[in-house]
Amino acid sequence: MYNVGMYIYLLGVIIASLFSEKVRKMWRGERQAVKTLREKLDPAAQYVWFHAASLGEFEQGRPLMEALRREHPQYKILLTFFSPSGYEVRKNYAGADIITYLPVDTVTNARRFLRTIRPVMAFFIKYEFWYNYLHILRHRGVPVYSVSSIFRPNQIFFRWYGREYAHVLKCFTKFYVQNEESRRLLSTIGITEVNIVGDTRFDRVLQIKEASKQLPVIESFLGDVKSPVFVAGSSWQPDEEIFIPWLNDHKDWKVIIAPHVIGEEHLQQIETLLEGRKVVRYTEAEKNPSASPSDSEVLIVDCFGLLSSIYRYATVSYVGGGFGVGIHNLLEAAVWQIPVVFGPNNQRFQEAQDLKQGGGGIEIASAGDFTAAMERFASDRGALLESGRQAGQYVMSRAGATHQVMADVTL
């Protein structure tokens with residue numbers, strides 16, 4: 001039944017590729033994957049395979065890849081992606097020797113792919129459970145590890161109709177899970193090779209903080225006046241409609257907005273909401289160093305790749321997506337020991353629940369909630385500092401998953 005489903009899915013991808021550039025890139029990359037392997041493969045090398053669905057999973061796997069490269073340079077690394085949003089951004093990542101898409105999980109594709117690369121070990125990051133790849137790896141005696149995985153009772157593996165498919169989980173040599181609930185759920189279906197290590201993303205955000213850079217444009221915008229700074233990262237229009245009105249009424253705050261979508265239409269929508277406030281765009285300030293962005297009240301970041309470093313300048317941060325698709329990366333902000341404000345669509349994110357419980361994260365469901373949170377921080381410096389301290393301490397206390405995995409895996 002699974003294989004029938006894969007062929008139906010494959011047909012859907014082919015049809016969708018006629019209408020979507022994103023799907024077309026994925027389909028083209030999957031078809032060229034084995035050719036790419038054959039061209040780049042070092043026949044004398046031993047490869048460790050890391051598979052990440054997309055960019056988020058790549059960030060979870062990255063600390064492991066870099067630890068492997070550092071501690072065991074005798075191995076080469078194969079990195080595969082399922083989604084173009086991961087592959088297109090990280091296809092030139094220097095930490096892997098070969099980077100490619102993973103072909104659709106048919107028996108033929110899996111056999112051909114694994115016959116070509118012959119990995120000595122495989123790491124699947126978080127949610128990836130490809131039936132044919134995993135069964136062939138087990139048949140060949142290749143150790144396979146699931147890293148930073150998290151399980152919930154409503155997943156198919158723990159429902160009566162999914163018990164047959166749950167056998168795929170028995171192909172893993174060991175699970176390195178994020179929490180006790182995941183360990184307990186796996187035990188209900190007979191899987192006991194489980195270590196609770198947490199999430200490697202905490203190690204990754206600490207690496208990012210360590211490597212962060214000072215940004216002259218941001219520093220010029222902030223100037224010498226020590227105004228409080230509000231940074232909104234990965235914001236969408238529903239987020240902006242919540243936080244901008246309060247900021248329009250509190251011009252003593254410097255405002256930096258790094259929207260999730262930087263198309264011209266969205267940028268103009270933000271500028272309209274700002275009601276005539278003096279706004280400068282990052283790329284404009286960058287192109288004209290002689291101008292003084294410090295005269296502006298709001299800086300809109302209309303480029304990618306800077307957000308994790310921008311949070312360092314914040315007094316209070318806001319992470320977008322919570323009024324729609326789901327919140328974006330809270331940890332990139334929390335690591336800087338600042339309060340993190342976010343919308344209500346956060347139930348699927350363990351870090352959001354933990355941050356709320358500890359006081360480092362503040363959930364808002366309305367403009368009124370946002371006003372209450374910001375008025376509290378603006379009037380009570382002790383509350384502001386304590387919330388930031390709790391956010392930073394949360395990240396620090398969860399670090400170390402990478403070391404635990406590397407110490408346990410036999411290489």
# chains A, B, ... in the order shown; residues from 1 in each chain; ligands from 1
call {"tool": "residues_around", "arguments": {"residues": "stretch 51-57 of chain A", "least_positions_apart": "2", "cutoff": "7 Å", "atoms": "only C-alpha atoms", "output": "PyMOL selection string"}}
result
chain A and resi 49+59-61+79-83+85-86+123-126+128
call {"tool": "select_by_dssp", "arguments": {"residues": "stretch 152-283 of chain A", "states": "helix (DSSP H, G or I)", "output": "ChimeraX atom specification"}}
result
/A:156-158,160-162,165-171,180-187,201-211,216-222,237-248,264-273,282-283
call {"tool": "select_by_dssp", "arguments": {"residues": "stretch 195-284 of chain A", "states": "strand (DSSP E)", "output": "count of residues only"}}
result
18
call {"tool": "closest_residue", "arguments": {"among": "A:Arg112, A:His135, A:Lys254, A:Arg184", "to": "A:Gly223", "atoms": "only C-alpha atoms"}}
result
A:Lys254
call {"tool": "atom_distance", "arguments": {"atom1": "atom CA of A:His260", "atom2": "atom CA of A:Ser308"}}
result
13.2 Å
call {"tool": "residues_around", "arguments": {"residues": "stretch 225-240 of chain A", "least_positions_apart": "2", "cutoff": "6 Å", "atoms": "only C-alpha atoms", "output": "ChimeraX atom specification"}}
result
/A:223,242-244,253-260,314-320
call {"tool": "closest_residue", "arguments": {"among": "A:Ile77, A:Val301, A:Leu247, A:Leu306", "to": "A:Lys209", "atoms": "only C-alpha atoms"}}
result
A:Leu306
call {"tool": "atom_distance", "arguments": {"atom1": "atom CA of A:Thr402", "atom2": "atom CA of A:Arg201"}}
result
9.1 Å
call {"tool": "residues_around", "arguments": {"residues": "stretch 167-180 of chain A", "least_positions_apart": "6", "cutoff": "7 Å", "atoms": "only C-alpha atoms", "output": "PyMOL selection string"}}
result
chain A and resi 131+134-135+138+143-150+191+193-199
call {"tool": "write_last_selection", "arguments": {"atoms": "all heavy atoms", "output": "short mmCIF file (atom, residue, chain, number, x, y, z; two decimals), in the first residue's frame"}}
result
data_model
loop_
_atom_site.label_atom_id
_atom_site.label_comp_id
_atom_site.auth_asym_id
_atom_site.auth_seq_id
_atom_site.Cartn_x
_atom_site.Cartn_y
_atom_site.Cartn_z
N TYR A 131 10.16 4.67 4.21
CA TYR A 131 9.99 3.23 4.40
C TYR A 131 11.01 2.39 3.63
O TYR A 131 11.67 1.51 4.20
CB TYR A 131 8.56 2.86 3.97
CG TYR A 131 8.16 1.44 4.27
CD1 TYR A 131 7.52 1.12 5.45
CD2 TYR A 131 8.39 0.42 3.35
CE1 TYR A 131 7.12 -0.18 5.73
CE2 TYR A 131 8.00 -0.88 3.62
CZ TYR A 131 7.37 -1.17 4.80
OH TYR A 131 6.98 -2.47 5.06
N LEU A 134 14.78 3.08 4.60
CA LEU A 134 15.09 2.56 5.93
C LEU A 134 15.15 1.03 5.96
O LEU A 134 16.02 0.44 6.61
CB LEU A 134 14.06 3.07 6.94
CG LEU A 134 14.21 4.56 7.27
CD1 LEU A 134 13.00 5.09 8.02
CD2 LEU A 134 15.49 4.81 8.08
N HIS A 135 14.24 0.37 5.25
CA HIS A 135 14.27 -1.09 5.25
C HIS A 135 15.50 -1.63 4.53
O HIS A 135 16.09 -2.63 4.95
CB HIS A 135 12.99 -1.65 4.61
CG HIS A 135 11.85 -1.74 5.58
ND1 HIS A 135 11.03 -0.68 5.88
CD2 HIS A 135 11.42 -2.78 6.35
CE1 HIS A 135 10.14 -1.05 6.78
NE2 HIS A 135 10.34 -2.32 7.08
N ARG A 138 18.48 -1.20 6.84
CA ARG A 138 18.49 -2.24 7.89
C ARG A 138 18.93 -3.58 7.31
O ARG A 138 19.73 -4.31 7.92
CB ARG A 138 17.11 -2.37 8.53
CG ARG A 138 17.10 -3.39 9.68
CD ARG A 138 15.77 -3.49 10.36
NE ARG A 138 14.77 -4.09 9.49
CZ ARG A 138 13.56 -4.48 9.90
NH1 ARG A 138 13.21 -4.31 11.16
NH2 ARG A 138 12.70 -5.00 9.05
N PRO A 143 23.97 1.16 10.34
CA PRO A 143 23.37 1.84 11.50
C PRO A 143 22.65 3.12 11.07
O PRO A 143 23.18 3.90 10.28
CB PRO A 143 24.58 2.18 12.38
CG PRO A 143 25.68 1.29 11.90
CD PRO A 143 25.43 1.06 10.44
N VAL A 144 21.44 3.29 11.59
CA VAL A 144 20.63 4.46 11.23
C VAL A 144 20.13 5.10 12.52
O VAL A 144 19.57 4.42 13.39
CB VAL A 144 19.42 4.07 10.35
CG1 VAL A 144 18.70 5.33 9.89
CG2 VAL A 144 19.86 3.24 9.16
N TYR A 145 20.30 6.42 12.63
CA TYR A 145 19.93 7.13 13.84
C TYR A 145 18.93 8.24 13.52
O TYR A 145 19.07 8.96 12.52
CB TYR A 145 21.17 7.74 14.50
CG TYR A 145 22.22 6.71 14.83
CD1 TYR A 145 23.32 6.51 13.99
CD2 TYR A 145 22.08 5.90 15.94
CE1 TYR A 145 24.28 5.54 14.28
CE2 TYR A 145 23.03 4.93 16.25
CZ TYR A 145 24.12 4.75 15.41
OH TYR A 145 25.05 3.78 15.69
N SER A 146 17.93 8.37 14.38
CA SER A 146 16.97 9.47 14.29
C SER A 146 17.36 10.50 15.35
O SER A 146 17.44 10.18 16.54
CB SER A 146 15.55 8.97 14.54
OG SER A 146 14.63 10.05 14.53
N VAL A 147 17.60 11.74 14.91
CA VAL A 147 18.14 12.77 15.80
C VAL A 147 17.15 13.92 15.95
O VAL A 147 16.52 14.36 14.98
CB VAL A 147 19.48 13.30 15.25
CG1 VAL A 147 20.00 14.42 16.15
CG2 VAL A 147 20.49 12.18 15.16
N SER A 148 17.02 14.40 17.17
CA SER A 148 16.11 15.51 17.50
C SER A 148 14.66 15.18 17.16
O SER A 148 13.85 16.07 16.90
CB SER A 148 16.53 16.81 16.80
OG SER A 148 17.75 17.28 17.30
N SER A 149 14.33 13.90 17.16
CA SER A 149 12.96 13.51 16.85
C SER A 149 12.05 13.78 18.04
O SER A 149 12.49 13.79 19.19
CB SER A 149 12.90 12.03 16.44
OG SER A 149 13.71 11.23 17.27
N ILE A 150 10.80 14.02 17.72
CA ILE A 150 9.79 14.27 18.75
C ILE A 150 8.50 13.61 18.30
O ILE A 150 8.13 13.68 17.12
CB ILE A 150 9.63 15.79 18.99
CG1 ILE A 150 8.71 16.05 20.19
CG2 ILE A 150 9.16 16.53 17.76
CD1 ILE A 150 8.77 17.49 20.69
N ILE A 191 9.64 -0.08 21.10
CA ILE A 191 10.94 0.50 20.75
C ILE A 191 11.58 1.06 22.02
O ILE A 191 11.04 1.97 22.66
CB ILE A 191 10.79 1.60 19.69
CG1 ILE A 191 10.28 0.98 18.39
CG2 ILE A 191 12.11 2.33 19.46
CD1 ILE A 191 9.97 1.97 17.30
N GLU A 193 15.32 1.38 22.27
CA GLU A 193 16.64 1.98 22.04
C GLU A 193 16.47 3.47 21.83
O GLU A 193 16.48 3.99 20.71
CB GLU A 193 17.32 1.33 20.82
CG GLU A 193 17.79 -0.09 21.07
CD GLU A 193 18.90 -0.15 22.13
OE1 GLU A 193 19.74 0.79 22.15
OE2 GLU A 193 18.91 -1.09 22.93
N VAL A 194 16.27 4.16 22.94
CA VAL A 194 15.92 5.58 22.91
C VAL A 194 16.72 6.33 23.97
O VAL A 194 16.74 5.92 25.13
CB VAL A 194 14.41 5.78 23.18
CG1 VAL A 194 14.06 7.27 23.11
CG2 VAL A 194 13.55 4.98 22.20
N ASN A 195 17.36 7.40 23.58
CA ASN A 195 18.02 8.31 24.52
C ASN A 195 17.35 9.68 24.46
O ASN A 195 17.09 10.19 23.36
CB ASN A 195 19.51 8.49 24.19
CG ASN A 195 20.35 7.32 24.64
OD1 ASN A 195 19.83 6.27 25.04
ND2 ASN A 195 21.66 7.48 24.57
N ILE A 196 17.07 10.26 25.62
CA ILE A 196 16.53 11.62 25.66
C ILE A 196 17.71 12.57 25.73
O ILE A 196 18.43 12.62 26.73
CB ILE A 196 15.62 11.81 26.88
CG1 ILE A 196 14.48 10.79 26.88
CG2 ILE A 196 15.05 13.24 26.90
CD1 ILE A 196 13.69 10.76 28.17
N VAL A 197 17.95 13.31 24.66
CA VAL A 197 19.10 14.22 24.61
C VAL A 197 18.69 15.67 24.40
O VAL A 197 19.51 16.57 24.54
CB VAL A 197 20.10 13.80 23.51
CG1 VAL A 197 20.62 12.40 23.74
CG2 VAL A 197 19.48 13.93 22.12
N GLY A 198 17.43 15.91 24.02
CA GLY A 198 17.01 17.26 23.70
C GLY A 198 17.14 17.55 22.22
O GLY A 198 17.18 16.63 21.39
N ASP A 199 17.24 18.81 21.90
CA ASP A 199 17.20 19.26 20.51
C ASP A 199 18.53 19.92 20.14
O ASP A 199 18.98 20.86 20.82
CB ASP A 199 16.05 20.26 20.37
CG ASP A 199 15.72 20.62 18.93
OD1 ASP A 199 16.57 20.38 18.06
OD2 ASP A 199 14.63 21.15 18.69
#
call {"tool": "residues_around", "arguments": {"residues": "stretch 40-43 of chain A", "least_positions_apart": "6", "cutoff": "9 Å", "atoms": "only C-alpha atoms", "output": "ChimeraX atom specification"}}
result
/A:76,97-98,116-117
call {"tool": "write_last_selection", "arguments": {"atoms": "all heavy atoms", "output": "PDB file, in the first residue's frame"}}
result
ATOM      1  N   LYS A  76      33.623  11.085   4.907  1.00  0.00           N
ATOM      2  CA  LYS A  76      33.038  12.147   4.097  1.00  0.00           C
ATOM      3  C   LYS A  76      31.537  12.199   4.360  1.00  0.00           C
ATOM      4  O   LYS A  76      30.946  11.232   4.848  1.00  0.00           O
ATOM      5  CB  LYS A  76      33.338  11.934   2.609  1.00  0.00           C
ATOM      6  CG  LYS A  76      34.814  12.111   2.288  1.00  0.00           C
ATOM      7  CD  LYS A  76      35.059  12.361   0.819  1.00  0.00           C
ATOM      8  CE  LYS A  76      36.522  12.740   0.580  1.00  0.00           C
ATOM      9  NZ  LYS A  76      36.769  13.100  -0.836  1.00  0.00           N
ATOM     10  N   ASP A  97      30.383  16.999   1.653  1.00  0.00           N
ATOM     11  CA  ASP A  97      31.160  16.713   0.435  1.00  0.00           C
ATOM     12  C   ASP A  97      30.276  16.559  -0.791  1.00  0.00           C
ATOM     13  O   ASP A  97      30.678  16.900  -1.902  1.00  0.00           O
ATOM     14  CB  ASP A  97      31.973  15.430   0.654  1.00  0.00           C
ATOM     15  CG  ASP A  97      32.959  15.586   1.795  1.00  0.00           C
ATOM     16  OD1 ASP A  97      33.996  16.237   1.594  1.00  0.00           O
ATOM     17  OD2 ASP A  97      32.672  15.078   2.899  1.00  0.00           O
ATOM     18  N   ILE A  98      29.071  16.022  -0.603  1.00  0.00           N
ATOM     19  CA  ILE A  98      28.099  15.895  -1.684  1.00  0.00           C
ATOM     20  C   ILE A  98      26.751  16.357  -1.147  1.00  0.00           C
ATOM     21  O   ILE A  98      26.335  15.964  -0.051  1.00  0.00           O
ATOM     22  CB  ILE A  98      27.969  14.447  -2.194  1.00  0.00           C
ATOM     23  CG1 ILE A  98      29.329  13.882  -2.617  1.00  0.00           C
ATOM     24  CG2 ILE A  98      26.980  14.368  -3.354  1.00  0.00           C
ATOM     25  CD1 ILE A  98      29.280  12.414  -3.029  1.00  0.00           C
ATOM     26  N   THR A 116      24.668   3.150  -4.965  1.00  0.00           N
ATOM     27  CA  THR A 116      25.667   4.107  -5.445  1.00  0.00           C
ATOM     28  C   THR A 116      26.515   4.662  -4.309  1.00  0.00           C
ATOM     29  O   THR A 116      27.743   4.682  -4.377  1.00  0.00           O
ATOM     30  CB  THR A 116      24.981   5.272  -6.188  1.00  0.00           C
ATOM     31  OG1 THR A 116      24.192   4.747  -7.264  1.00  0.00           O
ATOM     32  CG2 THR A 116      26.010   6.246  -6.738  1.00  0.00           C
ATOM     33  N   ILE A 117      25.873   5.089  -3.230  1.00  0.00           N
ATOM     34  CA  ILE A 117      26.615   5.779  -2.170  1.00  0.00           C
ATOM     35  C   ILE A 117      27.203   4.825  -1.132  1.00  0.00           C
ATOM     36  O   ILE A 117      28.243   5.090  -0.544  1.00  0.00           O
ATOM     37  CB  ILE A 117      25.730   6.847  -1.491  1.00  0.00           C
ATOM     38  CG1 ILE A 117      26.570   7.776  -0.626  1.00  0.00           C
ATOM     39  CG2 ILE A 117      24.620   6.229  -0.669  1.00  0.00           C
ATOM     40  CD1 ILE A 117      27.545   8.632  -1.344  1.00  0.00           C
TER      41      ILE A 117
END
call {"tool": "closest_residue", "arguments": {"among": "A:Leu384, A:Arg204, A:Met396, A:Phe151", "to": "A:Ser187", "atoms": "only C-alpha atoms"}}
result
A:Phe151
call {"tool": "atom_distance", "arguments": {"atom1": "atom CA of A:Gly321", "atom2": "atom CA of A:Val340"}}
result
13.1 Å
call {"tool": "closest_residue", "arguments": {"among": "A:Lys251, A:Arg28, A:Arg381, A:Lys287", "to": "A:Pro103", "atoms": "only C-alpha atoms"}}
result
A:Arg28
call {"tool": "decode", "arguments": {"residues": "stretch 21-42 of chain A", "atoms": "N, CA, C and O atoms", "output": "CSV table (one decimal), in the first residue's frame"}}
result
chain,number,residue,atom,x,y,z
A,21,GLU,N,7.3,26.3,-10.3
A,21,GLU,CA,8.7,26.4,-10.4
A,21,GLU,C,9.4,25.6,-9.3
A,21,GLU,O,10.4,24.9,-9.5
A,22,LYS,N,8.9,25.8,-8.1
A,22,LYS,CA,9.4,25.2,-6.9
A,22,LYS,C,9.4,23.6,-7.0
A,22,LYS,O,10.4,22.9,-6.8
A,23,VAL,N,8.2,23.1,-7.4
A,23,VAL,CA,8.1,21.7,-7.6
A,23,VAL,C,9.0,21.2,-8.7
A,23,VAL,O,9.6,20.1,-8.7
A,24,ARG,N,9.1,22.0,-9.8
A,24,ARG,CA,9.9,21.7,-11.0
A,24,ARG,C,11.3,21.5,-10.6
A,24,ARG,O,12.0,20.6,-11.0
A,25,LYS,N,11.8,22.4,-9.7
A,25,LYS,CA,13.2,22.3,-9.2
A,25,LYS,C,13.4,21.0,-8.4
A,25,LYS,O,14.4,20.3,-8.6
A,26,MET,N,12.4,20.7,-7.6
A,26,MET,CA,12.6,19.5,-6.8
A,26,MET,C,12.6,18.2,-7.7
A,26,MET,O,13.4,17.3,-7.5
A,27,TRP,N,11.6,18.2,-8.6
A,27,TRP,CA,11.5,17.0,-9.5
A,27,TRP,C,12.8,16.9,-10.3
A,27,TRP,O,13.3,15.8,-10.5
A,28,ARG,N,13.3,18.0,-10.9
A,28,ARG,CA,14.5,17.9,-11.6
A,28,ARG,C,15.7,17.5,-10.8
A,28,ARG,O,16.5,16.6,-11.2
A,29,GLY,N,15.8,18.0,-9.6
A,29,GLY,CA,16.9,17.6,-8.7
A,29,GLY,C,16.8,16.1,-8.3
A,29,GLY,O,17.9,15.5,-8.2
A,30,GLU,N,15.6,15.6,-8.0
A,30,GLU,CA,15.5,14.2,-7.6
A,30,GLU,C,15.9,13.3,-8.8
A,30,GLU,O,16.6,12.3,-8.6
A,31,ARG,N,15.6,13.7,-10.0
A,31,ARG,CA,15.9,12.8,-11.1
A,31,ARG,C,17.4,12.8,-11.4
A,31,ARG,O,18.0,11.9,-11.9
A,32,GLN,N,18.1,13.9,-11.0
A,32,GLN,CA,19.5,14.0,-11.2
A,32,GLN,C,20.4,13.6,-10.1
A,32,GLN,O,21.6,13.6,-10.1
A,33,ALA,N,19.7,13.1,-9.0
A,33,ALA,CA,20.5,12.8,-7.7
A,33,ALA,C,21.5,11.8,-7.9
A,33,ALA,O,22.7,11.9,-7.5
A,34,VAL,N,21.1,10.6,-8.5
A,34,VAL,CA,22.1,9.5,-8.7
A,34,VAL,C,23.2,9.9,-9.6
A,34,VAL,O,24.4,9.6,-9.4
A,35,LYS,N,22.9,10.7,-10.7
A,35,LYS,CA,23.9,11.2,-11.6
A,35,LYS,C,24.9,12.1,-10.8
A,35,LYS,O,26.1,12.0,-11.0
A,36,THR,N,24.4,12.9,-9.9
A,36,THR,CA,25.2,13.8,-9.1
A,36,THR,C,26.2,13.0,-8.2
A,36,THR,O,27.4,13.3,-8.1
A,37,LEU,N,25.6,11.9,-7.6
A,37,LEU,CA,26.4,11.1,-6.8
A,37,LEU,C,27.5,10.4,-7.5
A,37,LEU,O,28.7,10.4,-7.1
A,38,ARG,N,27.2,9.9,-8.7
A,38,ARG,CA,28.3,9.2,-9.5
A,38,ARG,C,29.4,10.2,-9.9
A,38,ARG,O,30.5,9.8,-10.0
A,39,GLU,N,29.0,11.4,-10.2
A,39,GLU,CA,30.0,12.4,-10.6
A,39,GLU,C,30.9,12.8,-9.5
A,39,GLU,O,32.1,13.1,-9.7
A,40,LYS,N,30.4,12.9,-8.3
A,40,LYS,CA,31.1,13.5,-7.2
A,40,LYS,C,31.7,12.5,-6.2
A,40,LYS,O,32.5,12.8,-5.4
A,41,LEU,N,31.2,11.3,-6.4
A,41,LEU,CA,31.6,10.2,-5.4
A,41,LEU,C,33.1,9.9,-5.4
A,41,LEU,O,33.7,9.8,-6.5
A,42,ASP,N,33.7,9.8,-4.3
A,42,ASP,CA,35.1,9.3,-4.1
A,42,ASP,C,35.0,7.8,-3.8
A,42,ASP,O,34.6,7.5,-2.7
